[in-house]
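Visitor: My structure is in upload-v3.cif, and what it holds is mmCIF, C-alpha atoms:
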data_run
loop_
_atom_site.label_atom_id
_atom_site.label_comp_id
_atom_site.auth_asym_id
_atom_site.auth_seq_id
_atom_site.Cartn_x
_atom_site.Cartn_y
_atom_site.Cartn_z
CA MET E 1446 -32.19 -7.17 34.09
CA THR E 1447 -28.57 -6.08 33.92
CA GLU E 1448 -25.73 -8.06 32.42
CA GLN E 1449 -24.13 -8.72 35.81
CA ASN E 1450 -27.27 -10.35 37.03
CA ASN E 1451 -27.06 -12.95 34.30
CA LEU E 1452 -24.26 -14.87 36.05
CA GLU E 1453 -22.14 -14.40 32.97
CA PHE E 1454 -18.50 -15.16 33.32
CA ASN E 1455 -15.68 -13.60 31.34
CA SER E 1456 -15.95 -16.24 28.64
CA GLY E 1457 -19.60 -15.38 28.05
CA PHE E 1458 -20.62 -18.80 29.34
CA SER E 1459 -23.90 -18.59 31.15
CA PRO E 1460 -24.57 -21.88 32.97
CA LYS E 1461 -28.07 -23.30 33.11
CA ILE E 1462 -28.81 -24.15 36.72
CA VAL E 1463 -31.74 -26.33 37.76
CA THR E 1464 -32.74 -25.69 41.34
CA ILE E 1465 -34.86 -28.21 43.19
CA ALA E 1466 -36.29 -26.37 46.17
CA CYS E 1467 -38.26 -27.51 49.21
CA ASN E 1468 -41.71 -25.93 49.47
CA TRP E 1469 -41.29 -25.04 53.14
CA CYS E 1470 -37.91 -23.33 53.21
CA SER E 1471 -35.91 -22.53 50.11
CA TYR E 1472 -38.89 -22.25 47.79
CA SER E 1473 -40.57 -19.91 50.29
CA ALA E 1474 -37.36 -17.90 50.37
CA ALA E 1475 -37.31 -17.64 46.58
CA ASP E 1476 -40.97 -16.67 46.70
CA LEU E 1477 -40.25 -14.00 49.29
CA ALA E 1478 -37.46 -12.67 47.08
CA GLY E 1479 -39.99 -12.42 44.30
CA VAL E 1480 -42.58 -10.69 46.47
CA SER E 1481 -39.91 -8.28 47.68
CA ARG E 1482 -38.98 -7.62 44.06
CA PHE E 1483 -35.38 -8.78 44.35
CA GLN E 1484 -34.11 -9.85 41.01
CA TYR E 1485 -32.34 -13.13 40.51
CA PRO E 1486 -30.61 -14.48 37.41
CA PRO E 1487 -32.92 -15.90 34.75
CA ASN E 1488 -30.62 -18.83 34.02
CA MET E 1489 -31.73 -20.47 37.22
CA LYS E 1490 -34.89 -22.54 36.88
CA ILE E 1491 -36.71 -23.57 40.03
CA ILE E 1492 -38.61 -26.82 40.50
CA LYS E 1493 -40.70 -26.98 43.66
CA VAL E 1494 -40.89 -30.22 45.64
CA MET E 1495 -42.94 -30.67 48.80
CA CYS E 1496 -39.87 -31.98 50.64
CA SER E 1497 -36.24 -32.35 49.58
CA GLY E 1498 -36.63 -35.98 50.67
CA ARG E 1499 -38.70 -36.37 47.50
CA VAL E 1500 -35.55 -35.92 45.42
CA ASN E 1501 -33.95 -39.07 44.11
CA PRO E 1502 -30.59 -39.30 42.34
CA ASN E 1503 -32.26 -39.65 38.97
CA PHE E 1504 -33.67 -36.09 39.25
CA ILE E 1505 -30.08 -34.86 39.09
CA LEU E 1506 -29.08 -37.17 36.25
CA LYS E 1507 -32.20 -36.24 34.26
CA ALA E 1508 -31.40 -32.55 34.65
CA PHE E 1509 -27.92 -33.13 33.22
CA GLN E 1510 -29.34 -35.33 30.48
CA LYS E 1511 -31.71 -32.53 29.44
CA GLY E 1512 -28.89 -30.03 29.24
CA ALA E 1513 -28.41 -28.49 32.69
CA ASP E 1514 -24.89 -27.37 33.58
CA GLY E 1515 -25.50 -27.56 37.30
CA VAL E 1516 -28.10 -28.76 39.76
CA LEU E 1517 -28.78 -27.07 43.09
CA ILE E 1518 -30.79 -28.96 45.67
CA SER E 1519 -31.93 -26.84 48.51
CA GLY E 1520 -34.06 -27.75 51.45
CA MET U 570 -31.40 -65.75 15.34
CA GLN U 571 -33.66 -63.63 13.15
CA LEU U 572 -37.29 -63.99 14.08
CA THR U 573 -39.70 -64.07 11.21
CA LYS U 574 -43.44 -63.87 11.35
CA GLN U 575 -43.58 -67.27 9.78
CA GLN U 576 -41.48 -68.69 12.56
CA VAL U 577 -44.05 -67.65 15.17
CA ASN U 578 -46.61 -69.44 13.05
CA TYR U 579 -44.72 -72.66 13.65
CA CYS U 580 -45.87 -72.64 17.29
CA MET U 581 -47.45 -76.00 18.01
CA GLU U 582 -48.77 -75.00 21.42
CA CYS U 583 -46.77 -77.57 23.33
CA GLY U 584 -46.45 -75.16 26.25
CA VAL U 585 -42.79 -75.97 26.94
CA CYS U 586 -42.08 -72.22 27.00
CA THR U 587 -44.64 -71.51 29.70
CA GLY U 588 -43.53 -74.58 31.63
CA SER U 589 -39.92 -73.40 31.49
CA CYS U 590 -40.57 -69.76 32.29
CA PRO U 591 -39.45 -68.70 35.77
CA ILE U 592 -41.93 -65.80 35.66
CA SER U 593 -44.89 -68.07 34.85
CA GLN U 594 -44.10 -70.09 37.96
CA GLU U 595 -44.69 -67.01 40.12
CA LEU U 596 -47.26 -65.15 38.02
CA PRO U 597 -49.72 -67.74 36.67
CA ASP U 598 -51.27 -65.19 34.28
CA PHE U 599 -47.98 -64.76 32.46
CA SER U 600 -47.78 -67.25 29.62
CA PRO U 601 -45.38 -67.07 26.65
CA ARG U 602 -47.47 -69.66 24.82
CA GLN U 603 -50.63 -67.58 25.11
CA MET U 604 -48.82 -64.40 24.15
CA ILE U 605 -47.69 -66.03 20.90
CA LYS U 606 -51.11 -67.52 20.30
CA LYS U 607 -52.89 -64.20 20.81
CA THR U 608 -50.40 -62.39 18.62
CA ILE U 609 -50.81 -64.78 15.71
CA ASP U 610 -54.50 -63.97 15.89
CA GLN U 611 -54.10 -60.22 16.41
CA PRO U 612 -50.57 -59.05 15.51
CA GLU U 613 -51.17 -55.47 16.68
CA GLY U 614 -53.75 -56.27 19.33
CA GLU U 615 -53.73 -56.29 23.10
CA ILE U 616 -50.10 -57.35 23.34
CA LEU U 617 -49.05 -53.76 22.58
CA HIS U 618 -50.76 -52.53 25.74
CA SER U 619 -49.91 -55.46 27.95
CA SER U 620 -47.61 -55.19 30.95
CA ASP U 621 -46.55 -58.81 30.37
CA LEU U 622 -44.42 -57.53 27.52
CA TRP U 623 -42.17 -55.88 30.09
CA ALA U 624 -42.29 -58.67 32.66
CA CYS U 625 -40.32 -61.07 30.42
CA LEU U 626 -36.70 -61.47 31.53
CA THR U 627 -35.50 -62.45 28.04
CA CYS U 628 -33.54 -65.11 29.92
CA SER U 629 -33.90 -67.48 26.95
CA ARG U 630 -34.90 -70.52 28.98
CA CYS U 631 -38.01 -70.88 26.77
CA SER U 632 -36.30 -70.34 23.41
CA ASP U 633 -33.52 -72.73 24.40
CA ARG U 634 -36.08 -75.50 24.83
CA CYS U 635 -38.60 -74.61 22.11
CA PRO U 636 -38.89 -77.58 19.72
CA VAL U 637 -39.56 -75.31 16.72
CA GLU U 638 -36.89 -72.77 17.72
CA ILE U 639 -39.12 -69.76 18.20
CA ASP U 640 -36.90 -67.01 19.55
CA PHE U 641 -39.27 -65.74 22.22
CA PRO U 642 -36.89 -63.07 23.61
CA GLU U 643 -36.56 -61.62 20.10
CA PHE U 644 -40.34 -61.77 19.73
CA ILE U 645 -40.67 -59.78 22.97
CA ARG U 646 -38.02 -57.29 21.91
CA SER U 647 -39.65 -56.62 18.55
CA TYR U 648 -42.95 -55.93 20.33
CA ARG U 649 -41.27 -53.70 22.93
CA ILE U 650 -40.21 -51.39 20.09
CA LYS U 651 -43.85 -51.15 19.02
CA ALA U 652 -45.15 -50.85 22.60
CA ILE U 653 -42.98 -47.78 23.24
CA LYS U 654 -44.60 -46.12 20.23
CA ALA U 655 -48.00 -47.04 21.71
CA GLU U 656 -46.89 -45.41 24.99
CA ASN U 657 -46.81 -48.68 26.90
CA LEU U 658 -43.68 -48.14 28.98
CA PRO U 659 -41.86 -50.28 31.57
CA ARG U 660 -41.53 -49.47 35.25
CA LEU U 661 -37.88 -48.55 35.68
CA SER U 662 -36.00 -49.78 38.71
CA HIS U 663 -33.65 -47.59 40.77
CA ASN U 664 -35.65 -44.50 39.73
CA GLY U 665 -34.43 -44.92 36.16
CA MET U 666 -30.90 -43.89 37.10
CA LEU U 667 -29.20 -46.53 34.98
CA GLN U 668 -31.24 -45.54 31.91
CA SER U 669 -30.32 -41.87 32.40
CA ILE U 670 -26.64 -42.78 32.66
CA SER U 671 -26.79 -44.63 29.33
CA ALA U 672 -28.61 -41.72 27.72
CA ILE U 673 -26.04 -39.21 29.01
CA GLN U 674 -23.25 -41.38 27.66
CA ALA U 675 -24.89 -41.40 24.25
CA GLN U 676 -24.92 -37.58 24.20
CA ARG U 677 -21.24 -37.51 25.04
CA SER U 678 -20.00 -36.65 21.57
CA ASN U 679 -22.18 -33.57 21.10
CA LYS U 680 -22.19 -32.28 24.67
CA GLY U 681 -18.57 -33.01 25.51
CA THR U 682 -19.28 -34.81 28.80
CA GLN U 683 -16.09 -36.36 30.11
CA GLN U 684 -16.13 -39.71 31.84
CA ASN U 685 -13.66 -40.78 34.46
CA ARG U 686 -13.43 -44.49 33.86
CA THR U 687 -9.81 -45.10 34.63
CA ALA U 688 -9.26 -43.65 38.12
CA TRP U 689 -9.76 -47.06 39.76
CA ALA U 690 -7.24 -48.68 37.42
CA GLU U 691 -4.51 -46.14 38.21
CA GLU U 692 -4.57 -47.34 41.80
CA VAL U 693 -4.23 -51.04 41.09
CA GLY U 694 -2.20 -51.74 38.00
CA LYS U 695 -0.76 -50.87 34.63
CA PHE U 696 -2.80 -50.10 31.57
CA SER U 697 -2.25 -48.15 28.37
CA ASP U 698 -3.98 -46.03 25.72
CA LYS U 699 -3.02 -48.19 22.80
CA GLY U 700 -2.22 -51.83 22.49
CA GLU U 701 -3.29 -55.25 21.35
CA TYR U 702 -5.74 -55.96 24.16
CA PHE U 703 -8.68 -53.75 25.11
CA TYR U 704 -10.35 -54.46 28.44
CA PHE U 705 -14.02 -53.50 28.15
CA VAL U 706 -14.90 -52.65 31.73
CA GLY U 707 -18.56 -51.95 31.05
CA CYS U 708 -20.79 -50.32 33.65
CA LEU U 709 -18.78 -51.45 36.69
CA PRO U 710 -17.50 -47.97 37.65
CA TYR U 711 -21.12 -46.75 37.72
CA PHE U 712 -22.48 -49.79 39.59
CA ASP U 713 -19.77 -49.35 42.20
CA VAL U 714 -21.20 -45.93 43.12
CA ILE U 715 -24.91 -46.68 42.68
CA PHE U 716 -24.91 -49.92 44.70
CA GLN U 717 -22.73 -48.75 47.56
CA TYR U 718 -25.78 -49.02 49.80
CA LEU U 719 -25.86 -52.79 49.24
CA ASN U 720 -22.12 -53.12 49.89
CA VAL U 721 -21.60 -54.70 46.49
CA PRO U 722 -17.98 -54.09 45.52
CA SER U 723 -18.64 -54.06 41.75
CA LEU U 724 -15.25 -52.64 40.84
CA GLU U 725 -13.42 -55.39 42.72
CA SER U 726 -13.86 -57.77 39.79
CA ALA U 727 -12.40 -55.22 37.37
CA LYS U 728 -9.50 -54.52 39.74
CA ASN U 729 -8.75 -58.21 40.13
CA ILE U 730 -8.95 -58.85 36.40
CA LEU U 731 -6.46 -56.04 35.79
CA LYS U 732 -4.13 -57.48 38.43
CA ILE U 733 -4.32 -60.97 36.95
CA LEU U 734 -3.77 -59.60 33.42
CA ASN U 735 -0.76 -57.61 34.63
CA LYS U 736 0.63 -60.73 36.23
CA ILE U 737 0.28 -62.62 32.95
CA GLY U 738 2.20 -59.75 31.38
CA ILE U 739 -0.62 -57.93 29.64
CA GLU U 740 -1.20 -54.20 29.94
CA PRO U 741 -4.65 -53.81 28.44
CA VAL U 742 -6.15 -50.63 27.05
CA ILE U 743 -8.71 -49.10 29.40
CA SER U 744 -10.43 -46.14 27.82
CA ASN U 745 -12.33 -43.14 29.11
CA ASN U 746 -14.14 -43.08 25.77
CA GLU U 747 -15.72 -46.48 26.26
CA CYS U 748 -19.42 -46.31 27.05
CA CYS U 749 -22.37 -48.49 27.96
CA CYS U 750 -22.56 -51.43 25.53
CA GLY U 751 -26.25 -50.70 24.88
CA HIS U 752 -27.45 -54.14 25.99
CA ASP U 753 -30.23 -52.75 28.15
CA ALA U 754 -31.31 -50.19 25.56
CA TYR U 755 -31.42 -52.93 22.93
CA TRP U 756 -33.53 -55.28 25.04
CA SER U 757 -35.80 -52.44 26.18
CA GLY U 758 -36.66 -51.67 22.58
CA ASP U 759 -34.67 -48.42 22.26
CA GLU U 760 -32.76 -49.15 19.08
CA ALA U 761 -31.72 -45.56 18.40
CA LEU U 762 -29.94 -45.33 21.76
CA PHE U 763 -28.37 -48.74 21.26
CA GLN U 764 -27.02 -47.80 17.86
CA LYS U 765 -25.55 -44.54 19.11
CA LEU U 766 -23.78 -46.27 22.00
CA ALA U 767 -22.52 -49.06 19.76
CA GLU U 768 -21.07 -46.59 17.25
CA GLN U 769 -19.22 -44.77 20.02
CA ASN U 770 -17.78 -48.02 21.36
CA ILE U 771 -16.59 -49.22 17.98
CA GLU U 772 -14.97 -45.82 17.43
CA ALA U 773 -13.23 -45.95 20.84
CA ILE U 774 -11.93 -49.46 20.16
CA LYS U 775 -10.70 -48.50 16.69
CA ALA U 776 -8.89 -45.47 18.12
CA SER U 777 -7.01 -47.75 20.53
CA GLY U 778 -5.81 -49.99 17.73
CA ALA U 779 -6.75 -53.05 19.77
CA LYS U 780 -7.43 -56.32 18.00
CA LYS U 781 -8.58 -58.40 20.97
CA ILE U 782 -11.34 -57.17 23.23
CA LEU U 783 -11.72 -58.75 26.65
CA PHE U 784 -15.10 -58.71 28.37
CA ASN U 785 -15.93 -59.73 31.88
CA CYS U 786 -19.58 -58.66 31.70
CA PRO U 787 -21.63 -61.39 29.99
CA GLU U 788 -24.05 -58.80 28.63
CA GLY U 789 -21.35 -56.77 26.91
CA TYR U 790 -19.75 -59.92 25.52
CA ASN U 791 -23.04 -61.27 24.23
CA ILE U 792 -24.28 -58.02 22.70
CA PHE U 793 -20.98 -57.46 20.86
CA LYS U 794 -20.97 -60.99 19.61
CA GLU U 795 -24.64 -61.34 18.69
CA VAL U 796 -25.91 -57.87 17.88
CA TYR U 797 -22.96 -55.57 17.00
CA THR U 798 -22.02 -57.98 14.22
CA GLU U 799 -25.61 -57.98 12.99
CA TYR U 800 -25.79 -54.17 12.87
CA PHE U 801 -22.26 -53.32 11.78
CA GLY U 802 -21.15 -56.41 9.88
CA LYS U 803 -17.91 -58.17 10.62
CA LEU U 804 -15.92 -56.33 13.28
CA ASP U 805 -12.18 -56.07 12.76
CA PHE U 806 -11.39 -57.16 16.30
CA GLU U 807 -11.80 -60.39 18.22
CA ILE U 808 -14.38 -60.64 21.01
CA ILE U 809 -13.10 -62.73 23.90
CA HIS U 810 -14.60 -63.47 27.30
CA VAL U 811 -12.16 -63.05 30.18
CA ALA U 812 -13.09 -66.44 31.69
CA ASP U 813 -12.17 -68.18 28.45
CA PHE U 814 -9.01 -66.11 28.07
CA LEU U 815 -7.78 -66.58 31.64
CA LEU U 816 -8.44 -70.30 31.58
CA GLN U 817 -6.29 -70.60 28.46
CA LYS U 818 -3.49 -68.42 29.84
CA LEU U 819 -3.47 -69.90 33.33
CA SER U 820 -3.52 -73.51 32.19
CA GLU U 821 -0.93 -73.16 29.42
CA SER U 822 1.64 -71.34 31.55
CA ASP U 823 3.66 -73.34 34.05
CA THR U 824 1.74 -73.58 37.27
CA GLU U 825 4.72 -72.48 39.36
CA SER U 826 4.39 -68.87 38.28
CA PHE U 827 0.74 -68.88 39.35
CA GLU U 828 0.59 -70.36 42.75
CA PHE U 829 -2.89 -70.96 44.04
CA ASN U 830 -3.51 -71.13 47.74
CA PRO U 831 -6.27 -73.38 48.97
CA CYS U 832 -9.51 -71.48 49.18
CA SER U 833 -10.87 -70.23 52.45
CA ASN U 834 -14.47 -71.08 51.58
CA ASN U 835 -15.42 -74.66 52.14
CA SER U 836 -17.94 -75.15 49.43
CA VAL U 837 -19.03 -72.94 46.59
CA THR U 838 -21.59 -73.02 43.82
CA TYR U 839 -21.74 -71.24 40.49
CA GLN U 840 -24.62 -69.15 39.16
CA ASP U 841 -24.80 -69.31 35.37
CA PRO U 842 -25.65 -65.86 34.00
CA CYS U 843 -28.23 -66.17 31.22
CA ARG U 844 -26.20 -64.04 28.76
CA LEU U 845 -23.06 -66.11 29.31
CA GLY U 846 -24.70 -69.53 29.53
CA ARG U 847 -27.75 -69.98 27.38
CA ARG U 848 -27.05 -67.07 25.02
CA SER U 849 -23.28 -67.54 24.58
CA GLY U 850 -22.80 -71.21 25.42
CA ILE U 851 -20.04 -70.62 28.00
CA TYR U 852 -20.75 -73.08 30.81
CA GLU U 853 -17.56 -74.97 31.56
CA GLU U 854 -14.85 -72.30 31.44
CA PRO U 855 -15.93 -70.51 34.66
CA ARG U 856 -16.28 -73.89 36.41
CA LYS U 857 -12.80 -74.93 35.31
CA LEU U 858 -11.43 -71.60 36.59
CA ILE U 859 -13.08 -72.19 39.97
CA ASN U 860 -11.58 -75.68 40.07
CA LEU U 861 -8.08 -74.26 39.55
CA VAL U 862 -8.23 -73.20 43.18
CA PRO U 863 -7.07 -76.17 45.28
CA LYS U 864 -9.48 -77.74 47.73
CA THR U 865 -12.47 -76.08 46.11
CA SER U 866 -15.58 -78.11 46.53
CA LEU U 867 -17.80 -76.93 43.67
CA LYS U 868 -21.38 -77.97 44.28
CA GLU U 869 -24.04 -77.72 41.61
CA MET U 870 -27.42 -76.19 42.33
CA GLU U 871 -30.51 -78.14 41.29
CA HIS U 872 -30.89 -75.90 38.25
CA ASN U 873 -27.54 -75.43 36.57
CA ARG U 874 -26.02 -74.80 33.16
CA GLU U 875 -28.77 -74.47 30.52
CA ASN U 876 -31.43 -74.97 33.22
CA ALA U 877 -30.09 -72.18 35.43
CA ILE U 878 -32.58 -69.65 36.71
CA CYS U 879 -32.18 -65.94 36.07
CA CYS U 880 -31.24 -63.62 38.95
CA GLY U 881 -34.65 -61.95 38.78
CA THR U 882 -34.51 -58.82 36.62
CA THR U 883 -33.10 -57.74 33.28
CA ALA U 884 -32.30 -54.31 31.92
CA TRP U 885 -32.99 -52.52 35.22
CA MET U 886 -36.75 -52.62 35.02
CA GLU U 887 -39.80 -54.31 36.47
CA CYS U 888 -38.19 -55.39 39.74
CA SER U 889 -41.14 -56.81 41.64
CA ASN U 890 -42.04 -59.30 44.34
CA CYS U 891 -41.75 -61.90 41.60
CA SER U 892 -38.05 -61.01 41.19
CA LYS U 893 -37.56 -61.30 44.93
CA VAL U 894 -39.22 -64.72 45.06
CA MET U 895 -36.95 -65.95 42.27
CA GLN U 896 -33.85 -64.62 44.00
CA VAL U 897 -34.75 -66.16 47.35
CA LYS U 898 -35.47 -69.49 45.62
CA ARG U 899 -32.01 -69.34 44.10
CA LEU U 900 -30.40 -68.70 47.49
CA LYS U 901 -32.31 -71.64 48.93
CA GLU U 902 -31.13 -73.84 46.07
CA ALA U 903 -27.54 -72.91 46.84
CA LYS U 904 -28.08 -73.76 50.47
CA GLN U 905 -29.67 -77.10 49.58
CA ALA U 906 -26.66 -77.89 47.40
CA GLY U 907 -24.54 -77.43 50.49
CA ALA U 908 -22.75 -74.29 49.33
CA ASP U 909 -21.99 -71.32 51.55
CA THR U 910 -20.82 -69.06 48.72
CA ILE U 911 -22.36 -68.32 45.33
CA ILE U 912 -19.81 -67.41 42.69
CA THR U 913 -21.15 -65.46 39.76
CA ALA U 914 -19.61 -64.19 36.55
CA CYS U 915 -22.13 -61.40 36.01
CA PRO U 916 -22.07 -58.06 37.87
CA LYS U 917 -25.87 -57.86 37.73
CA CYS U 918 -26.35 -61.35 39.21
CA GLN U 919 -23.98 -60.27 41.96
CA ILE U 920 -26.02 -57.14 42.69
CA HIS U 921 -29.40 -58.85 42.54
CA LEU U 922 -28.48 -61.86 44.64
CA THR U 923 -26.72 -59.65 47.20
CA CYS U 924 -29.87 -57.54 47.40
CA ALA U 925 -31.85 -60.74 48.11
CA THR U 926 -29.50 -61.70 50.94
CA THR U 927 -30.42 -58.46 52.70
CA THR U 928 -34.10 -59.36 52.74
CA PHE U 929 -33.73 -63.08 53.34
CA ASP U 930 -32.11 -64.33 56.50
CA THR U 931 -29.14 -66.26 55.17
CA GLU U 932 -25.44 -66.73 55.69
CA ILE U 933 -24.74 -67.21 51.98
CA LYS U 934 -22.05 -64.97 50.54
CA ILE U 935 -22.07 -63.71 46.96
CA ILE U 936 -18.70 -63.19 45.30
CA ASP U 937 -17.63 -62.61 41.71
CA LEU U 938 -15.54 -65.20 39.90
CA TYR U 939 -12.43 -63.04 39.46
CA SER U 940 -12.27 -61.89 43.07
CA TYR U 941 -12.48 -65.54 44.09
CA LEU U 942 -9.56 -66.40 41.82
CA ALA U 943 -7.48 -63.40 42.85
CA GLU U 944 -8.00 -64.16 46.51
CA SER U 945 -6.30 -67.52 46.17
CA MET U 946 -3.65 -66.24 43.74
CA ASN U 947 -2.26 -64.00 46.44
CA ILE U 948 -2.10 -60.89 44.30
CA LYS U 949 -4.25 -58.65 46.44
#
Have the structure of the file written as structure tokens, please.
Guide:
Amino acid sequence: MTEQNNLEFNSGFSPKIVTIACNWCSYSAADLAGVSRFQYPPNMKIIKVMCSGRVNPNFILKAFQKGADGVLISG
Amino acid sequence: MQLTKQQVNYCMECGVCTGSCPISQELPDFSPRQMIKKTIDQPEGEILHSSDLWACLTCSRCSDRCPVEIDFPEFIRSYRIKAIKAENLPRLSHNGMLQSISAIQAQRSNKGTQQNRTAWAEEVGKFSDKGEYFYFVGCLPYFDVIFQYLNVPSLESAKNILKILNKIGIEPVISNNECCCGHDAYWSGDEALFQKLAEQNIEAIKASGAKKILFNCPEGYNIFKEVYTEYFGKLDFEIIHVADFLLQKLSESDTESFEFNPCSNNSVTYQDPCRLGRRSGIYEEPRKLINLVPKTSLKEMEHNRENAICCGTTAWMECSNCSKVMQVKRLKEAKQAGADTIITACPKCQIHLTCATTTFDTEIKIIDLYSYLAESMNIK
């Protein structure tokens, strides 16, 4: 993986992003990216949920509590 | 009150605790008397794995009446610390959001998370960074966001307190570095989190140079007064409840400068919060404040003052049908007393009772003490 792919900004700060992705759309898309061998930055961690309706506000707070710099909910 | 093992041994099985307990009335299997009895027999026995440990509201109705002064809430708290180690955990309400917010606040110093606790105050009045008075706002800015869906205007009480203080001529310190008082962590048996939060608060207050700390939240007031002093010794600032402070200021100043309009509500009643009433002994000050408003007809519910019933949950956990039954009973009591508005001095009572009004068909309105005052003081 190249440096540019690591979402590194000029300061060298590389944010940890937690992504909560719906099984039926965005997770499938991420899966397809994987199958198609597209690379995506390793500082993004994906959590699969069966529906984005499963997400409650505490998921976001917990992610920040455990050290995430950003949370992406996609579905 | 420090609970000793010997003190539990004093239990004479009179059953006043179980008879007084609002939970026992709804859940017949829940019995403070039996919990003490079983624990004397087996100190590390089934109590550690029991869900009853988390059902207790620590509302202090039992300990207030106990003839041998067993501090049952403290007994419960000491066992909660052990239960967590035994992996017996409570069911958190609101998905555990409130607990996460406290935990994030405790990590503030090493992660550099910035809070925005003063934006609301900039819109309504004057406050400063340093000064004699520190207004401890507590969790209100968080509640205001979390409980939007219930239409509970939590921040209104803080806004109105700031307006009244400004009118008296006080510009209190309101700090972004203040954090959760740790009341819920303390009563949920998480002493490490409590201590961290308490240290941060004491540091923030010291940095402001304030000598008098004003609280409107009964939990913050009580935990500072009862527990902070126990953990950190004598604090070099004075802990004052806003109701007490306002009553003093409003009654000593000439009444012309504070003109009260007659209230728009016909009859009101007052819900005693357990932390302010039984645990801090403040019963009359809020009532006197309510009576400052002309033409107020203050009715008393069947259970009032030291007999008041809790609003149903404590420390954001174990909200159940039992909590709902208690809340609805309280609303019915208010109605029976002939009141159409319940005034409360605790933001949590306000949230819980408002929540009950959404499930129970009633016309009763829930309002906080300071908004009620401000409404008739014409300083909106």
Visitor: Here is a test: counting all atoms listed in the file, which residue of U:Gln594, U:Ser662, U:Ser757, U:Gln603 is nearest to chain E?
Guide: U:Ser662
Visitor: Residues of chain E were defined as contacting chain U if any atom lay at most 8 Å from it, counting only C-alpha atoms; please report them as a JSON list (two decimals) with C-alpha atoms, keeping the file's coordinate frame.
Guide:
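Below is the file selection.json, written as the result:
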[["chain", "number", "residue", "atom", "x", "y", "z"],
["E", 1501, "ASN", "CA", -33.95, -39.07, 44.11],
["E", 1502, "PRO", "CA", -30.59, -39.30, 42.34],
["E", 1503, "ASN", "CA", -32.26, -39.65, 38.97],
["E", 1506, "LEU", "CA", -29.08, -37.17, 36.25],
["E", 1507, "LYS", "CA", -32.20, -36.24, 34.26],
["E", 1509, "PHE", "CA", -27.92, -33.13, 33.22],
["E", 1510, "GLN", "CA", -29.34, -35.33, 30.48]]
Visitor: Using the chain letters and numbers from the file, which residues does the PyMOL selection byres ((chain U and resi 606) around 12) grab, as a list in words?
Guide: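 Residues picked by the PyMOL selection byres ((chain U and resi 606) around 12): Val577, Asn578, Tyr579, Cys580, Met581, Glu582, Cys583, Gly584, Ser600, Pro601, Arg602, Gln603, Met604, Ile605, Lys607, Thr608, Ile609, Asp610, Gln611, Pro612, Gly614, Glu615 and Ile616 of chain U.
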Visitor: Please, what distance in Å, to one decimal, runs between atom CA of U:Leu942 and atom CA of U:Ser820?
Guide: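 Atom CA of U:Ser820 lies at a distance of 13.4 Å from atom CA of U:Leu942.
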Visitor: Kindly indicate which residue among U:Asn770, U:Thr923, U:Asn947, U:Asn746 lies nearest to U:Ile733, using only C-alpha atoms for the distances.
Guide: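 Looking at the shortest contact to U:Ile733, the residue is U:Asn947.
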Visitor: Compile the contact shell of stretch 861-871 of chain U as a PyMOL selection string: residues with an atom at most 6 Å away, counting all atoms listed in the file, same-chain residues fewer than 6 positions apart removed.
Guide: chain U and resi 829+831+836-838+902-903+906
Visitor: Between atom CA of U:Glu740 and atom CA of U:Arg686, what is the spacing in Å?
Guide: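 Pair atom CA of U:Arg686 / atom CA of U:Glu740 returns 16.1 Å.
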Visitor: So that I can check the surroundings of U:Asn791, please list as a tab-separated table (two decimals) with C-alpha atoms, in the coordinates of the input every protein, DNA and RNA residue that reaches within 8 Å of it, counting all atoms listed in the file and ignoring chain neighbours fewer than 2 positions away.
Guide:
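What ended up in around_29.tsv:
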chain	number	residue	atom	x	y	z
U	787	PRO	CA	-21.63	-61.39	29.99
U	788	GLU	CA	-24.05	-58.80	28.63
U	789	GLY	CA	-21.35	-56.77	26.91
U	793	PHE	CA	-20.98	-57.46	20.86
U	794	LYS	CA	-20.97	-60.99	19.61
U	795	GLU	CA	-24.64	-61.34	18.69
U	796	VAL	CA	-25.91	-57.87	17.88
U	844	ARG	CA	-26.20	-64.04	28.76
U	845	LEU	CA	-23.06	-66.11	29.31
U	848	ARG	CA	-27.05	-67.07	25.02
U	849	SER	CA	-23.28	-67.54	24.58
Visitor: Which residues, named as in the file, does the PyMOL selection byres ((chain E and resi 1463-1469) around 8) pick out? Answer as a ChimeraX atom specification.
Guide: /E:1461-1462,1470-1473,1489-1497,1508,1513,1515-1520
Visitor: Given the file shown, enumerate the residues that the PyMOL selection byres ((chain U and resi 643-656) around 7) captures and present them as a PyMOL selection string.
Guide: chain U and resi 572+617-618+622+640-642+657-658+756-759
Visitor: Dump C-alpha atoms for the selected residues as an mmCIF file, in the frame of the given file?
Guide:
data_model
loop_
_atom_site.group_PDB
_atom_site.id
_atom_site.type_symbol
_atom_site.label_atom_id
_atom_site.label_comp_id
_atom_site.auth_asym_id
_atom_site.auth_seq_id
_atom_site.Cartn_x
_atom_site.Cartn_y
_atom_site.Cartn_z
ATOM 1 C CA LEU U 572 -37.290 -63.990 14.080
ATOM 2 C CA LEU U 617 -49.050 -53.760 22.580
ATOM 3 C CA HIS U 618 -50.760 -52.530 25.740
ATOM 4 C CA LEU U 622 -44.420 -57.530 27.520
ATOM 5 C CA ASP U 640 -36.900 -67.010 19.550
ATOM 6 C CA PHE U 641 -39.270 -65.740 22.220
ATOM 7 C CA PRO U 642 -36.890 -63.070 23.610
ATOM 8 C CA ASN U 657 -46.810 -48.680 26.900
ATOM 9 C CA LEU U 658 -43.680 -48.140 28.980
ATOM 10 C CA TRP U 756 -33.530 -55.280 25.040
ATOM 11 C CA SER U 757 -35.800 -52.440 26.180
ATOM 12 C CA GLY U 758 -36.660 -51.670 22.580
ATOM 13 C CA ASP U 759 -34.670 -48.420 22.260
#
